[in-house]
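Okay, start-v5.pdb now, which holds PDB, C-alpha atoms and all ligand atoms:
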ATOM      1  CA  MET L 265     -44.688 -15.829  -7.271  1.00  0.00           C
ATOM      2  CA  ARG L 266     -44.272 -14.605 -10.856  1.00  0.00           C
ATOM      3  CA  LYS L 267     -40.525 -15.210 -10.537  1.00  0.00           C
ATOM      4  CA  LYS L 268     -41.099 -18.789  -9.406  1.00  0.00           C
ATOM      5  CA  VAL L 269     -43.363 -19.520 -12.348  1.00  0.00           C
ATOM      6  CA  MET L 270     -40.816 -17.969 -14.730  1.00  0.00           C
ATOM      7  CA  ALA L 271     -38.030 -20.102 -13.297  1.00  0.00           C
ATOM      8  CA  TRP L 272     -39.932 -23.328 -13.780  1.00  0.00           C
ATOM      9  CA  MET L 273     -41.144 -22.186 -17.218  1.00  0.00           C
ATOM     10  CA  MET L 274     -37.520 -21.854 -18.249  1.00  0.00           C
ATOM     11  CA  ALA L 275     -36.862 -25.311 -16.925  1.00  0.00           C
ATOM     12  CA  ALA L 276     -39.866 -26.483 -18.948  1.00  0.00           C
ATOM     13  CA  SER L 277     -38.516 -25.157 -22.196  1.00  0.00           C
ATOM     14  CA  PHE L 278     -35.330 -27.046 -21.410  1.00  0.00           C
ATOM     15  CA  PHE L 279     -37.227 -30.276 -20.876  1.00  0.00           C
ATOM     16  CA  GLY L 280     -39.556 -29.480 -23.786  1.00  0.00           C
ATOM     17  CA  ALA L 281     -42.867 -29.819 -21.958  1.00  0.00           C
ATOM     18  CA  ALA L 282     -45.577 -27.392 -20.890  1.00  0.00           C
ATOM     19  CA  GLY L 283     -49.275 -27.081 -20.087  1.00  0.00           C
ATOM     20  CA  CYS L 284     -51.574 -30.093 -19.814  1.00  0.00           C
ATOM     21  CA  GLN L 285     -50.054 -33.255 -21.135  1.00  0.00           C
ATOM     22  CA  ALA L 286     -50.001 -36.965 -20.544  1.00  0.00           C
ATOM     23  CA  ALA L 287     -47.143 -39.442 -20.484  1.00  0.00           C
ATOM     24  CA  GLU L 288     -46.586 -41.561 -23.541  1.00  0.00           C
ATOM     25  CA  THR L 289     -48.062 -44.854 -22.397  1.00  0.00           C
ATOM     26  CA  PRO L 290     -51.344 -45.901 -24.043  1.00  0.00           C
ATOM     27  CA  ALA L 291     -54.550 -44.804 -22.338  1.00  0.00           C
ATOM     28  CA  GLN L 292     -56.597 -47.534 -20.679  1.00  0.00           C
ATOM     29  CA  LYS L 293     -59.971 -47.071 -19.127  1.00  0.00           C
ATOM     30  CA  VAL L 294     -60.737 -48.650 -15.764  1.00  0.00           C
ATOM     31  CA  GLN L 295     -64.254 -49.531 -14.675  1.00  0.00           C
ATOM     32  CA  THR L 296     -65.008 -48.942 -11.032  1.00  0.00           C
ATOM     33  CA  ARG L 297     -67.470 -47.620  -8.464  1.00  0.00           C
ATOM     34  CA  PRO L 298     -67.146 -44.390  -6.414  1.00  0.00           C
ATOM     35  CA  GLU L 299     -66.683 -46.277  -3.121  1.00  0.00           C
ATOM     36  CA  LYS L 300     -63.644 -48.047  -4.584  1.00  0.00           C
ATOM     37  CA  ILE L 301     -61.872 -44.828  -5.567  1.00  0.00           C
ATOM     38  CA  LEU L 302     -59.289 -43.112  -3.370  1.00  0.00           C
ATOM     39  CA  VAL L 303     -57.967 -39.675  -4.304  1.00  0.00           C
ATOM     40  CA  ALA L 304     -54.662 -39.365  -2.429  1.00  0.00           C
ATOM     41  CA  TYR L 305     -52.409 -36.348  -2.802  1.00  0.00           C
ATOM     42  CA  TYR L 306     -49.543 -34.367  -1.375  1.00  0.00           C
ATOM     43  CA  SER L 307     -49.603 -30.597  -1.809  1.00  0.00           C
ATOM     44  CA  TRP L 308     -47.225 -27.960  -0.493  1.00  0.00           C
ATOM     45  CA  GLY L 309     -48.779 -24.833  -1.953  1.00  0.00           C
ATOM     46  CA  GLY L 310     -52.406 -25.843  -2.640  1.00  0.00           C
ATOM     47  CA  ASN L 311     -52.416 -26.475  -6.413  1.00  0.00           C
ATOM     48  CA  THR L 312     -52.395 -30.260  -6.210  1.00  0.00           C
ATOM     49  CA  ARG L 313     -54.953 -30.071  -3.396  1.00  0.00           C
ATOM     50  CA  PHE L 314     -57.233 -28.090  -5.679  1.00  0.00           C
ATOM     51  CA  ALA L 315     -56.866 -30.713  -8.433  1.00  0.00           C
ATOM     52  CA  ALA L 316     -57.467 -33.532  -5.929  1.00  0.00           C
ATOM     53  CA  GLU L 317     -60.637 -31.912  -4.601  1.00  0.00           C
ATOM     54  CA  LYS L 318     -61.955 -31.521  -8.152  1.00  0.00           C
ATOM     55  CA  ILE L 319     -61.185 -35.161  -8.951  1.00  0.00           C
ATOM     56  CA  ARG L 320     -62.950 -36.219  -5.766  1.00  0.00           C
ATOM     57  CA  GLU L 321     -65.968 -34.141  -6.792  1.00  0.00           C
ATOM     58  CA  ILE L 322     -66.013 -35.650 -10.286  1.00  0.00           C
ATOM     59  CA  THR L 323     -65.548 -39.263  -9.181  1.00  0.00           C
ATOM     60  CA  GLY L 324     -67.353 -39.363  -5.823  1.00  0.00           C
ATOM     61  CA  GLY L 325     -64.270 -41.042  -4.346  1.00  0.00           C
ATOM     62  CA  THR L 326     -62.639 -40.557  -0.938  1.00  0.00           C
ATOM     63  CA  LEU L 327     -60.049 -37.827  -0.406  1.00  0.00           C
ATOM     64  CA  PHE L 328     -56.815 -38.473   1.510  1.00  0.00           C
ATOM     65  CA  GLU L 329     -54.088 -35.934   2.149  1.00  0.00           C
ATOM     66  CA  ILE L 330     -50.591 -37.409   2.342  1.00  0.00           C
ATOM     67  CA  ARG L 331     -48.839 -35.469   5.099  1.00  0.00           C
ATOM     68  CA  PRO L 332     -45.252 -35.935   6.280  1.00  0.00           C
ATOM     69  CA  VAL L 333     -44.718 -36.006  10.065  1.00  0.00           C
ATOM     70  CA  LYS L 334     -42.343 -33.082   9.610  1.00  0.00           C
ATOM     71  CA  ALA L 335     -43.811 -30.479   7.273  1.00  0.00           C
ATOM     72  CA  TYR L 336     -41.592 -28.954   4.603  1.00  0.00           C
ATOM     73  CA  PRO L 337     -40.399 -25.384   5.298  1.00  0.00           C
ATOM     74  CA  SER L 338     -43.005 -22.762   4.506  1.00  0.00           C
ATOM     75  CA  ASN L 339     -40.229 -20.603   3.073  1.00  0.00           C
ATOM     76  CA  TYR L 340     -40.095 -21.281  -0.676  1.00  0.00           C
ATOM     77  CA  ARG L 341     -36.318 -21.215  -1.077  1.00  0.00           C
ATOM     78  CA  ALA L 342     -35.750 -23.424   1.963  1.00  0.00           C
ATOM     79  CA  CYS L 343     -38.349 -25.878   0.661  1.00  0.00           C
ATOM     80  CA  VAL L 344     -36.790 -25.964  -2.808  1.00  0.00           C
ATOM     81  CA  GLU L 345     -33.368 -26.622  -1.317  1.00  0.00           C
ATOM     82  CA  GLN L 346     -34.560 -29.410   1.002  1.00  0.00           C
ATOM     83  CA  ALA L 347     -36.585 -30.943  -1.830  1.00  0.00           C
ATOM     84  CA  ARG L 348     -33.570 -30.854  -4.162  1.00  0.00           C
ATOM     85  CA  LYS L 349     -31.513 -32.960  -1.749  1.00  0.00           C
ATOM     86  CA  GLU L 350     -34.349 -35.367  -0.922  1.00  0.00           C
ATOM     87  CA  CYS L 351     -35.458 -35.887  -4.512  1.00  0.00           C
ATOM     88  CA  ARG L 352     -31.898 -36.626  -5.530  1.00  0.00           C
ATOM     89  CA  LYS L 353     -31.452 -39.155  -2.705  1.00  0.00           C
ATOM     90  CA  GLY L 354     -34.896 -40.762  -3.022  1.00  0.00           C
ATOM     91  CA  THR L 355     -35.715 -39.900   0.607  1.00  0.00           C
ATOM     92  CA  ARG L 356     -38.898 -41.411   2.070  1.00  0.00           C
ATOM     93  CA  PRO L 357     -40.065 -39.160   4.918  1.00  0.00           C
ATOM     94  CA  ALA L 358     -42.312 -40.678   7.587  1.00  0.00           C
ATOM     95  CA  LEU L 359     -46.009 -39.964   7.089  1.00  0.00           C
ATOM     96  CA  ALA L 360     -48.384 -38.617   9.721  1.00  0.00           C
ATOM     97  CA  ALA L 361     -51.322 -40.938   8.919  1.00  0.00           C
ATOM     98  CA  LYS L 362     -52.331 -44.026   7.012  1.00  0.00           C
ATOM     99  CA  VAL L 363     -55.408 -44.542   4.845  1.00  0.00           C
ATOM    100  CA  GLU L 364     -58.115 -46.313   6.801  1.00  0.00           C
ATOM    101  CA  ASN L 365     -59.254 -49.573   5.191  1.00  0.00           C
ATOM    102  CA  PHE L 366     -56.798 -49.181   2.341  1.00  0.00           C
ATOM    103  CA  GLU L 367     -57.767 -52.652   1.115  1.00  0.00           C
ATOM    104  CA  LYS L 368     -61.228 -51.489   0.086  1.00  0.00           C
ATOM    105  CA  TYR L 369     -59.938 -49.226  -2.705  1.00  0.00           C
ATOM    106  CA  ASP L 370     -59.237 -50.562  -6.208  1.00  0.00           C
ATOM    107  CA  VAL L 371     -58.392 -47.350  -7.994  1.00  0.00           C
ATOM    108  CA  ILE L 372     -56.098 -44.688  -6.582  1.00  0.00           C
ATOM    109  CA  PHE L 373     -55.773 -41.270  -8.169  1.00  0.00           C
ATOM    110  CA  LEU L 374     -52.400 -40.177  -6.839  1.00  0.00           C
ATOM    111  CA  GLY L 375     -51.475 -36.500  -6.932  1.00  0.00           C
ATOM    112  CA  THR L 376     -48.123 -34.809  -6.543  1.00  0.00           C
ATOM    113  CA  PRO L 377     -46.517 -31.512  -7.423  1.00  0.00           C
ATOM    114  CA  ASN L 378     -43.627 -31.893  -9.839  1.00  0.00           C
ATOM    115  CA  TRP L 379     -40.609 -31.416  -7.562  1.00  0.00           C
ATOM    116  CA  TRP L 380     -37.293 -31.390  -9.333  1.00  0.00           C
ATOM    117  CA  SER L 381     -38.890 -33.361 -12.185  1.00  0.00           C
ATOM    118  CA  THR L 382     -40.061 -36.184  -9.938  1.00  0.00           C
ATOM    119  CA  MET L 383     -42.742 -36.857  -7.302  1.00  0.00           C
ATOM    120  CA  ALA L 384     -42.597 -35.095  -3.930  1.00  0.00           C
ATOM    121  CA  PRO L 385     -40.868 -37.381  -1.377  1.00  0.00           C
ATOM    122  CA  PRO L 386     -44.012 -38.008   0.778  1.00  0.00           C
ATOM    123  CA  VAL L 387     -45.649 -39.556  -2.302  1.00  0.00           C
ATOM    124  CA  ARG L 388     -42.668 -41.866  -2.647  1.00  0.00           C
ATOM    125  CA  THR L 389     -43.234 -43.022   0.953  1.00  0.00           C
ATOM    126  CA  PHE L 390     -46.952 -43.510   0.291  1.00  0.00           C
ATOM    127  CA  LEU L 391     -46.235 -45.729  -2.706  1.00  0.00           C
ATOM    128  CA  THR L 392     -43.698 -47.866  -0.884  1.00  0.00           C
ATOM    129  CA  GLU L 393     -45.621 -48.319   2.388  1.00  0.00           C
ATOM    130  CA  GLY L 394     -48.942 -49.671   1.177  1.00  0.00           C
ATOM    131  CA  ASP L 395     -49.773 -53.018  -0.430  1.00  0.00           C
ATOM    132  CA  PHE L 396     -50.580 -52.061  -4.004  1.00  0.00           C
ATOM    133  CA  SER L 397     -51.071 -55.594  -5.396  1.00  0.00           C
ATOM    134  CA  GLY L 398     -54.239 -55.637  -7.486  1.00  0.00           C
ATOM    135  CA  LYS L 399     -54.603 -51.847  -7.349  1.00  0.00           C
ATOM    136  CA  THR L 400     -54.682 -49.398 -10.226  1.00  0.00           C
ATOM    137  CA  VAL L 401     -52.841 -46.105  -9.768  1.00  0.00           C
ATOM    138  CA  ILE L 402     -53.694 -43.062 -11.884  1.00  0.00           C
ATOM    139  CA  PRO L 403     -51.089 -40.325 -11.374  1.00  0.00           C
ATOM    140  CA  PHE L 404     -51.877 -36.629 -11.596  1.00  0.00           C
ATOM    141  CA  VAL L 405     -49.282 -33.911 -11.393  1.00  0.00           C
ATOM    142  CA  THR L 406     -49.325 -30.145 -11.105  1.00  0.00           C
ATOM    143  CA  HIS L 407     -46.236 -28.335 -12.275  1.00  0.00           C
ATOM    144  CA  GLY L 408     -44.606 -24.977 -12.910  1.00  0.00           C
ATOM    145  CA  GLY L 409     -44.014 -25.596 -16.605  1.00  0.00           C
ATOM    146  CA  GLY L 410     -42.047 -28.875 -16.551  1.00  0.00           C
ATOM    147  CA  GLY L 411     -45.077 -31.093 -17.143  1.00  0.00           C
ATOM    148  CA  MET L 412     -45.089 -34.746 -16.069  1.00  0.00           C
ATOM    149  CA  ALA L 413     -41.278 -35.017 -16.413  1.00  0.00           C
ATOM    150  CA  ASP L 414     -40.215 -38.223 -14.565  1.00  0.00           C
ATOM    151  CA  CYS L 415     -43.064 -38.241 -12.033  1.00  0.00           C
ATOM    152  CA  GLU L 416     -45.044 -41.112 -13.523  1.00  0.00           C
ATOM    153  CA  ARG L 417     -41.983 -43.089 -14.567  1.00  0.00           C
ATOM    154  CA  ASP L 418     -40.564 -42.886 -11.024  1.00  0.00           C
ATOM    155  CA  MET L 419     -43.913 -43.839  -9.461  1.00  0.00           C
ATOM    156  CA  ARG L 420     -43.990 -46.970 -11.610  1.00  0.00           C
ATOM    157  CA  LYS L 421     -40.423 -47.798 -10.573  1.00  0.00           C
ATOM    158  CA  VAL L 422     -41.043 -47.564  -6.820  1.00  0.00           C
ATOM    159  CA  CYS L 423     -44.375 -49.386  -6.960  1.00  0.00           C
ATOM    160  CA  PRO L 424     -44.038 -52.293  -9.396  1.00  0.00           C
ATOM    161  CA  LYS L 425     -47.005 -54.201  -7.922  1.00  0.00           C
ATOM    162  CA  ALA L 426     -49.602 -51.630  -9.014  1.00  0.00           C
ATOM    163  CA  THR L 427     -51.071 -51.352 -12.473  1.00  0.00           C
ATOM    164  CA  PHE L 428     -50.648 -47.813 -13.770  1.00  0.00           C
ATOM    165  CA  VAL L 429     -52.967 -45.920 -16.056  1.00  0.00           C
ATOM    166  CA  ARG L 430     -51.602 -43.007 -18.057  1.00  0.00           C
ATOM    167  CA  GLY L 431     -51.389 -39.954 -15.830  1.00  0.00           C
ATOM    168  CA  GLY L 432     -52.342 -36.339 -16.383  1.00  0.00           C
ATOM    169  CA  ALA L 433     -50.173 -33.245 -15.895  1.00  0.00           C
ATOM    170  CA  PHE L 434     -51.690 -29.830 -15.288  1.00  0.00           C
ATOM    171  CA  SER L 435     -50.179 -26.398 -14.979  1.00  0.00           C
ATOM    172  CA  GLY L 436     -50.230 -25.370 -11.306  1.00  0.00           C
ATOM    173  CA  SER L 437     -50.806 -21.693 -12.012  1.00  0.00           C
ATOM    174  CA  GLY L 438     -53.774 -22.507 -14.264  1.00  0.00           C
ATOM    175  CA  ILE L 439     -55.306 -25.223 -12.094  1.00  0.00           C
ATOM    176  CA  ARG L 440     -58.134 -23.064 -10.733  1.00  0.00           C
ATOM    177  CA  SER L 441     -59.544 -22.685 -14.239  1.00  0.00           C
ATOM    178  CA  ALA L 442     -58.731 -26.225 -15.391  1.00  0.00           C
ATOM    179  CA  GLY L 443     -61.967 -27.820 -14.204  1.00  0.00           C
ATOM    180  CA  ASN L 444     -62.998 -28.861 -17.717  1.00  0.00           C
ATOM    181  CA  ALA L 445     -59.581 -30.278 -18.566  1.00  0.00           C
ATOM    182  CA  LEU L 446     -59.605 -32.294 -15.332  1.00  0.00           C
ATOM    183  CA  GLU L 447     -63.099 -33.583 -16.016  1.00  0.00           C
ATOM    184  CA  LYS L 448     -62.176 -34.581 -19.571  1.00  0.00           C
ATOM    185  CA  TRP L 449     -59.035 -36.376 -18.403  1.00  0.00           C
ATOM    186  CA  VAL L 450     -60.859 -38.224 -15.581  1.00  0.00           C
ATOM    187  CA  GLY L 451     -63.464 -39.315 -18.159  1.00  0.00           C
ATOM    188  CA  GLU L 452     -60.703 -40.770 -20.297  1.00  0.00           C
ATOM    189  CA  THR L 453     -59.224 -42.793 -17.437  1.00  0.00           C
ATOM    190  CA  VAL L 454     -62.210 -44.220 -15.535  1.00  0.00           C
ATOM    191  CA  GLU L 455     -65.727 -45.357 -16.282  1.00  0.00           C
ATOM    192  CA  ILE L 456     -67.701 -44.912 -13.080  1.00  0.00           C
ATOM    193  CA  LYS L 457     -70.616 -47.256 -12.415  1.00  0.00           C
ATOM    194  CA  LYS L 458     -72.889 -45.483  -9.952  1.00  0.00           C
TER     195      LYS L 458
HETATM  196  C1  LIG L 501     -39.612 -27.744  -4.051  1.00  0.00           C
HETATM  197  C2  LIG L 501     -40.222 -27.402  -5.393  1.00  0.00           C
HETATM  198  C3  LIG L 501     -39.690 -27.962  -6.535  1.00  0.00           C
HETATM  199  C4  LIG L 501     -40.296 -27.711  -7.777  1.00  0.00           C
HETATM  200  N1  LIG L 501     -39.762 -28.287  -8.903  1.00  0.00           N
HETATM  201  C5  LIG L 501     -40.371 -28.103 -10.095  1.00  0.00           C
HETATM  202  C6  LIG L 501     -39.870 -28.710 -11.293  1.00  0.00           C
HETATM  203  O1  LIG L 501     -38.852 -29.407 -11.290  1.00  0.00           O
HETATM  204  N2  LIG L 501     -40.555 -28.504 -12.440  1.00  0.00           N
HETATM  205  C7  LIG L 501     -41.692 -27.760 -12.495  1.00  0.00           C
HETATM  206  O2  LIG L 501     -42.284 -27.637 -13.545  1.00  0.00           O
HETATM  207  N3  LIG L 501     -42.185 -27.156 -11.372  1.00  0.00           N
HETATM  208  C8  LIG L 501     -41.567 -27.314 -10.197  1.00  0.00           C
HETATM  209  N4  LIG L 501     -42.076 -26.719  -9.062  1.00  0.00           N
HETATM  210  C9  LIG L 501     -43.339 -25.981  -9.152  1.00  0.00           C
HETATM  211  C10 LIG L 501     -44.497 -26.869  -8.689  1.00  0.00           C
HETATM  212  O3  LIG L 501     -44.500 -28.154  -9.328  1.00  0.00           O
HETATM  213  C11 LIG L 501     -45.874 -26.268  -8.996  1.00  0.00           C
HETATM  214  O4  LIG L 501     -45.925 -24.953  -8.517  1.00  0.00           O
HETATM  215  C12 LIG L 501     -46.993 -27.113  -8.401  1.00  0.00           C
HETATM  216  O5  LIG L 501     -48.231 -26.753  -8.971  1.00  0.00           O
HETATM  217  C13 LIG L 501     -47.057 -26.942  -6.891  1.00  0.00           C
HETATM  218  O6  LIG L 501     -48.069 -27.758  -6.369  1.00  0.00           O
HETATM  219  P1  LIG L 501     -48.606 -27.542  -4.891  1.00  0.00           P
HETATM  220  O7  LIG L 501     -49.181 -26.130  -4.847  1.00  0.00           O
HETATM  221  O8  LIG L 501     -49.675 -28.579  -4.732  1.00  0.00           O
HETATM  222  O9  LIG L 501     -47.485 -27.720  -3.956  1.00  0.00           O
HETATM  223  C14 LIG L 501     -41.453 -26.907  -7.840  1.00  0.00           C
HETATM  224  C15 LIG L 501     -41.957 -26.319  -6.677  1.00  0.00           C
HETATM  225  C16 LIG L 501     -41.352 -26.564  -5.454  1.00  0.00           C
HETATM  226  C17 LIG L 501     -41.911 -25.947  -4.200  1.00  0.00           C
END

Any chance you could put this one into structure tokens?
Amino acid sequence: MRKKVMAWMMAASFFGAAGCQAAETPAQKVQTRPEKILVAYYSWGGNTRFAAEKIREITGGTLFEIRPVKAYPSNYRACVEQARKECRKGTRPALAAKVENFEKYDVIFLGTPNWWSTMAPPVRTFLTEGDFSGKTVIPFVTHGGGGMADCERDMRKVCPKATFVRGGAFSGSGIRSAGNALEKWVGETVEIKK
């Protein structure tokens, strides 16, 4: 595990990003209600799931796990290799389930691990399958040192109909003690009318 973190930390110094950071678009604050918030995420190793569960707790929204029909290999190296090919090609793997009543959500927190500097392929499928007209997407990313990289930029590209709010990037290895940082960031992105 330590080796993995080191490898991505080295990549991070190459890309010049680390820790908690946000992309360079201006922050906007969206007003919404808990029942209109969906917290959708893909997670291979549990870090992004942890962040998603925290965001659900903070916002009172509904949690949805994005799952591919065919799970990625549980072996780390095999997963990294498959992900490398798919991320390069822009593969959109079939998903196991759809969000029920997707139309009722206005604001979608969308979580992904940073995979090869972009979103994990199941998140790409999620963004291209649903009707995102009139919806606001707030990306959140967990990473091994590379930060947001191209995750948010690529999400915007594949889903031009959604309005995007500046995303947050959080270190995967530190996510279990990042509750305050997550809460602060959520507070900067949404104003929740209860
Ligand atoms: C296939 C794969 C590719 C990865 N690529 C990167 C990367 O390019 N940059 C980075 O900082 N971390 C990278 N990581 C590390 C993950 O982004 C990080 O551990 C993240 O928190 C994992 O989230 P998860 O536990 O929800 O899957 C990669 C991990 C995997 C498994």

#### Entry: Among listed residues L:Val450, L:Val401, L:Ala384, L:Val344, nearest ligand LIG 501 (chain L) (using all atoms listed in the file)
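Ranking L:Val450, L:Val401, L:Ala384, L:Val344 by distance to ligand LIG 501 (chain L), first place goes to L:Val344.
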
### Leu374 in chain L surroundings by all atoms listed in the file, 7 Å radius, close-in-sequence under 3 positions cut, as a PyMOL selection string
chain L and resi 303-305+401-404

### Message
As an exercise, work out the distance from CA of Arg356 in chain L to CA of Pro386 in chain L in Å and give it to one decimal place.
### Response
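Computed distance, CA of Arg356 in chain L to CA of Pro386 in chain L, equals 6.3 Å.
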
### Message
Which residues are close to Phe390 in chain L, i.e. within 8 Å by all atoms listed in the file, leaving aside same-chain residues fewer than 3 positions away? Reply as a PyMOL selection string.
### Response
chain L and resi 330+359+386-387+393-394

### Task
Could you tell me how far CA of Gly443 in chain L lies from CA of Gly324 in chain L, in Å and to one decimal?
15.2 Å

### Summary
Restricting to all atoms listed in the file, whichever of L:Ala413, L:Val371, L:Met383, L:Ala361 is closest to Arg348 in chain L is L:Met383

### Task
Determine the nearest neighbour of Gly354 in chain L from the options L:Met419, L:Ile322, L:Val454, L:Leu302, counting only C-alpha atoms.
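Distance minimum relative to Gly354 in chain L lands on L:Met419.
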
### Coordinates-based distance that separates CA of Ala316 in chain L from CA of Gly436 in chain L (Å, one decimal)
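Rounded to one decimal, the two atoms are 12.2 Å apart.
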
Which residues of chain L have any atom within 8 Å of an atom in ligand LIG 501 (chain L) when counting all atoms listed in the file, and what is the closest pair of atoms for each, with the distance in Å to one decimal? Order the rows by chain and rising number and write it as CSV.
residue,atom,partner,partner_atom,distance
L:Lys268,CA,L:LIG501,C9,7.5
L:Val269,CA,L:LIG501,O4,7.1
L:Trp272,CA,L:LIG501,O2,4.9
L:Met273,CA,L:LIG501,O2,6.7
L:Ala275,CA,L:LIG501,N2,6.6
L:Ala276,CA,L:LIG501,O2,6.0
L:Tyr306,CA,L:LIG501,O8,6.7
L:Ser307,CA,L:LIG501,O8,3.6
L:Trp308,CA,L:LIG501,O9,3.5
L:Gly309,CA,L:LIG501,O7,3.2
L:Gly310,CA,L:LIG501,O7,3.9
L:Asn311,CA,L:LIG501,O7,3.6
L:Thr312,CA,L:LIG501,O8,3.5
L:Arg313,CA,L:LIG501,O8,5.6
L:Phe314,CA,L:LIG501,O8,7.6
L:Tyr340,CA,L:LIG501,C17,6.1
L:Arg341,CA,L:LIG501,C1,7.9
L:Cys343,CA,L:LIG501,C1,5.2
L:Val344,CA,L:LIG501,C1,3.6
L:Glu345,CA,L:LIG501,C1,6.9
L:Gln346,CA,L:LIG501,C1,7.3
L:Ala347,CA,L:LIG501,C1,4.9
L:Arg348,CA,L:LIG501,C1,6.8
L:Thr376,CA,L:LIG501,O8,6.7
L:Pro377,CA,L:LIG501,O6,4.2
L:Asn378,CA,L:LIG501,O3,3.9
L:Trp379,CA,L:LIG501,N1,3.5
L:Trp380,CA,L:LIG501,O1,3.2
L:Ser381,CA,L:LIG501,O1,4.1
L:Thr382,CA,L:LIG501,O1,7.0
L:Ala384,CA,L:LIG501,C1,7.9
L:Val405,CA,L:LIG501,O5,7.6
L:Thr406,CA,L:LIG501,O5,4.2
L:His407,CA,L:LIG501,O3,3.4
L:Gly408,CA,L:LIG501,O2,3.6
L:Gly409,CA,L:LIG501,O2,4.1
L:Gly410,CA,L:LIG501,O2,3.3
L:Gly411,CA,L:LIG501,O2,5.7
L:Ala413,CA,L:LIG501,N2,7.7
L:Phe434,CA,L:LIG501,O5,7.8
L:Ser435,CA,L:LIG501,O5,6.3
L:Gly436,CA,L:LIG501,O5,3.4
L:Ser437,CA,L:LIG501,O5,6.4
L:Ile439,CA,L:LIG501,O5,7.9

Could you take the residues named above and write them with C-alpha atoms, as a tab-separated table (two decimals), in the frame of the given file?
chain	number	residue	atom	x	y	z
L	268	LYS	CA	-41.10	-18.79	-9.41
L	269	VAL	CA	-43.36	-19.52	-12.35
L	272	TRP	CA	-39.93	-23.33	-13.78
L	273	MET	CA	-41.14	-22.19	-17.22
L	275	ALA	CA	-36.86	-25.31	-16.92
L	276	ALA	CA	-39.87	-26.48	-18.95
L	306	TYR	CA	-49.54	-34.37	-1.38
L	307	SER	CA	-49.60	-30.60	-1.81
L	308	TRP	CA	-47.22	-27.96	-0.49
L	309	GLY	CA	-48.78	-24.83	-1.95
L	310	GLY	CA	-52.41	-25.84	-2.64
L	311	ASN	CA	-52.42	-26.48	-6.41
L	312	THR	CA	-52.40	-30.26	-6.21
L	313	ARG	CA	-54.95	-30.07	-3.40
L	314	PHE	CA	-57.23	-28.09	-5.68
L	340	TYR	CA	-40.10	-21.28	-0.68
L	341	ARG	CA	-36.32	-21.22	-1.08
L	343	CYS	CA	-38.35	-25.88	0.66
L	344	VAL	CA	-36.79	-25.96	-2.81
L	345	GLU	CA	-33.37	-26.62	-1.32
L	346	GLN	CA	-34.56	-29.41	1.00
L	347	ALA	CA	-36.58	-30.94	-1.83
L	348	ARG	CA	-33.57	-30.85	-4.16
L	376	THR	CA	-48.12	-34.81	-6.54
L	377	PRO	CA	-46.52	-31.51	-7.42
L	378	ASN	CA	-43.63	-31.89	-9.84
L	379	TRP	CA	-40.61	-31.42	-7.56
L	380	TRP	CA	-37.29	-31.39	-9.33
L	381	SER	CA	-38.89	-33.36	-12.18
L	382	THR	CA	-40.06	-36.18	-9.94
L	384	ALA	CA	-42.60	-35.10	-3.93
L	405	VAL	CA	-49.28	-33.91	-11.39
L	406	THR	CA	-49.32	-30.14	-11.10
L	407	HIS	CA	-46.24	-28.34	-12.28
L	408	GLY	CA	-44.61	-24.98	-12.91
L	409	GLY	CA	-44.01	-25.60	-16.60
L	410	GLY	CA	-42.05	-28.88	-16.55
L	411	GLY	CA	-45.08	-31.09	-17.14
L	413	ALA	CA	-41.28	-35.02	-16.41
L	434	PHE	CA	-51.69	-29.83	-15.29
L	435	SER	CA	-50.18	-26.40	-14.98
L	436	GLY	CA	-50.23	-25.37	-11.31
L	437	SER	CA	-50.81	-21.69	-12.01
L	439	ILE	CA	-55.31	-25.22	-12.09

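For the residues L:Thr392, L:Asn365, L:Thr355, L:Gln295, ranking by smallest atom-to-atom distance to Phe328 in chain L using only C-alpha atoms places L:Asn365 first.
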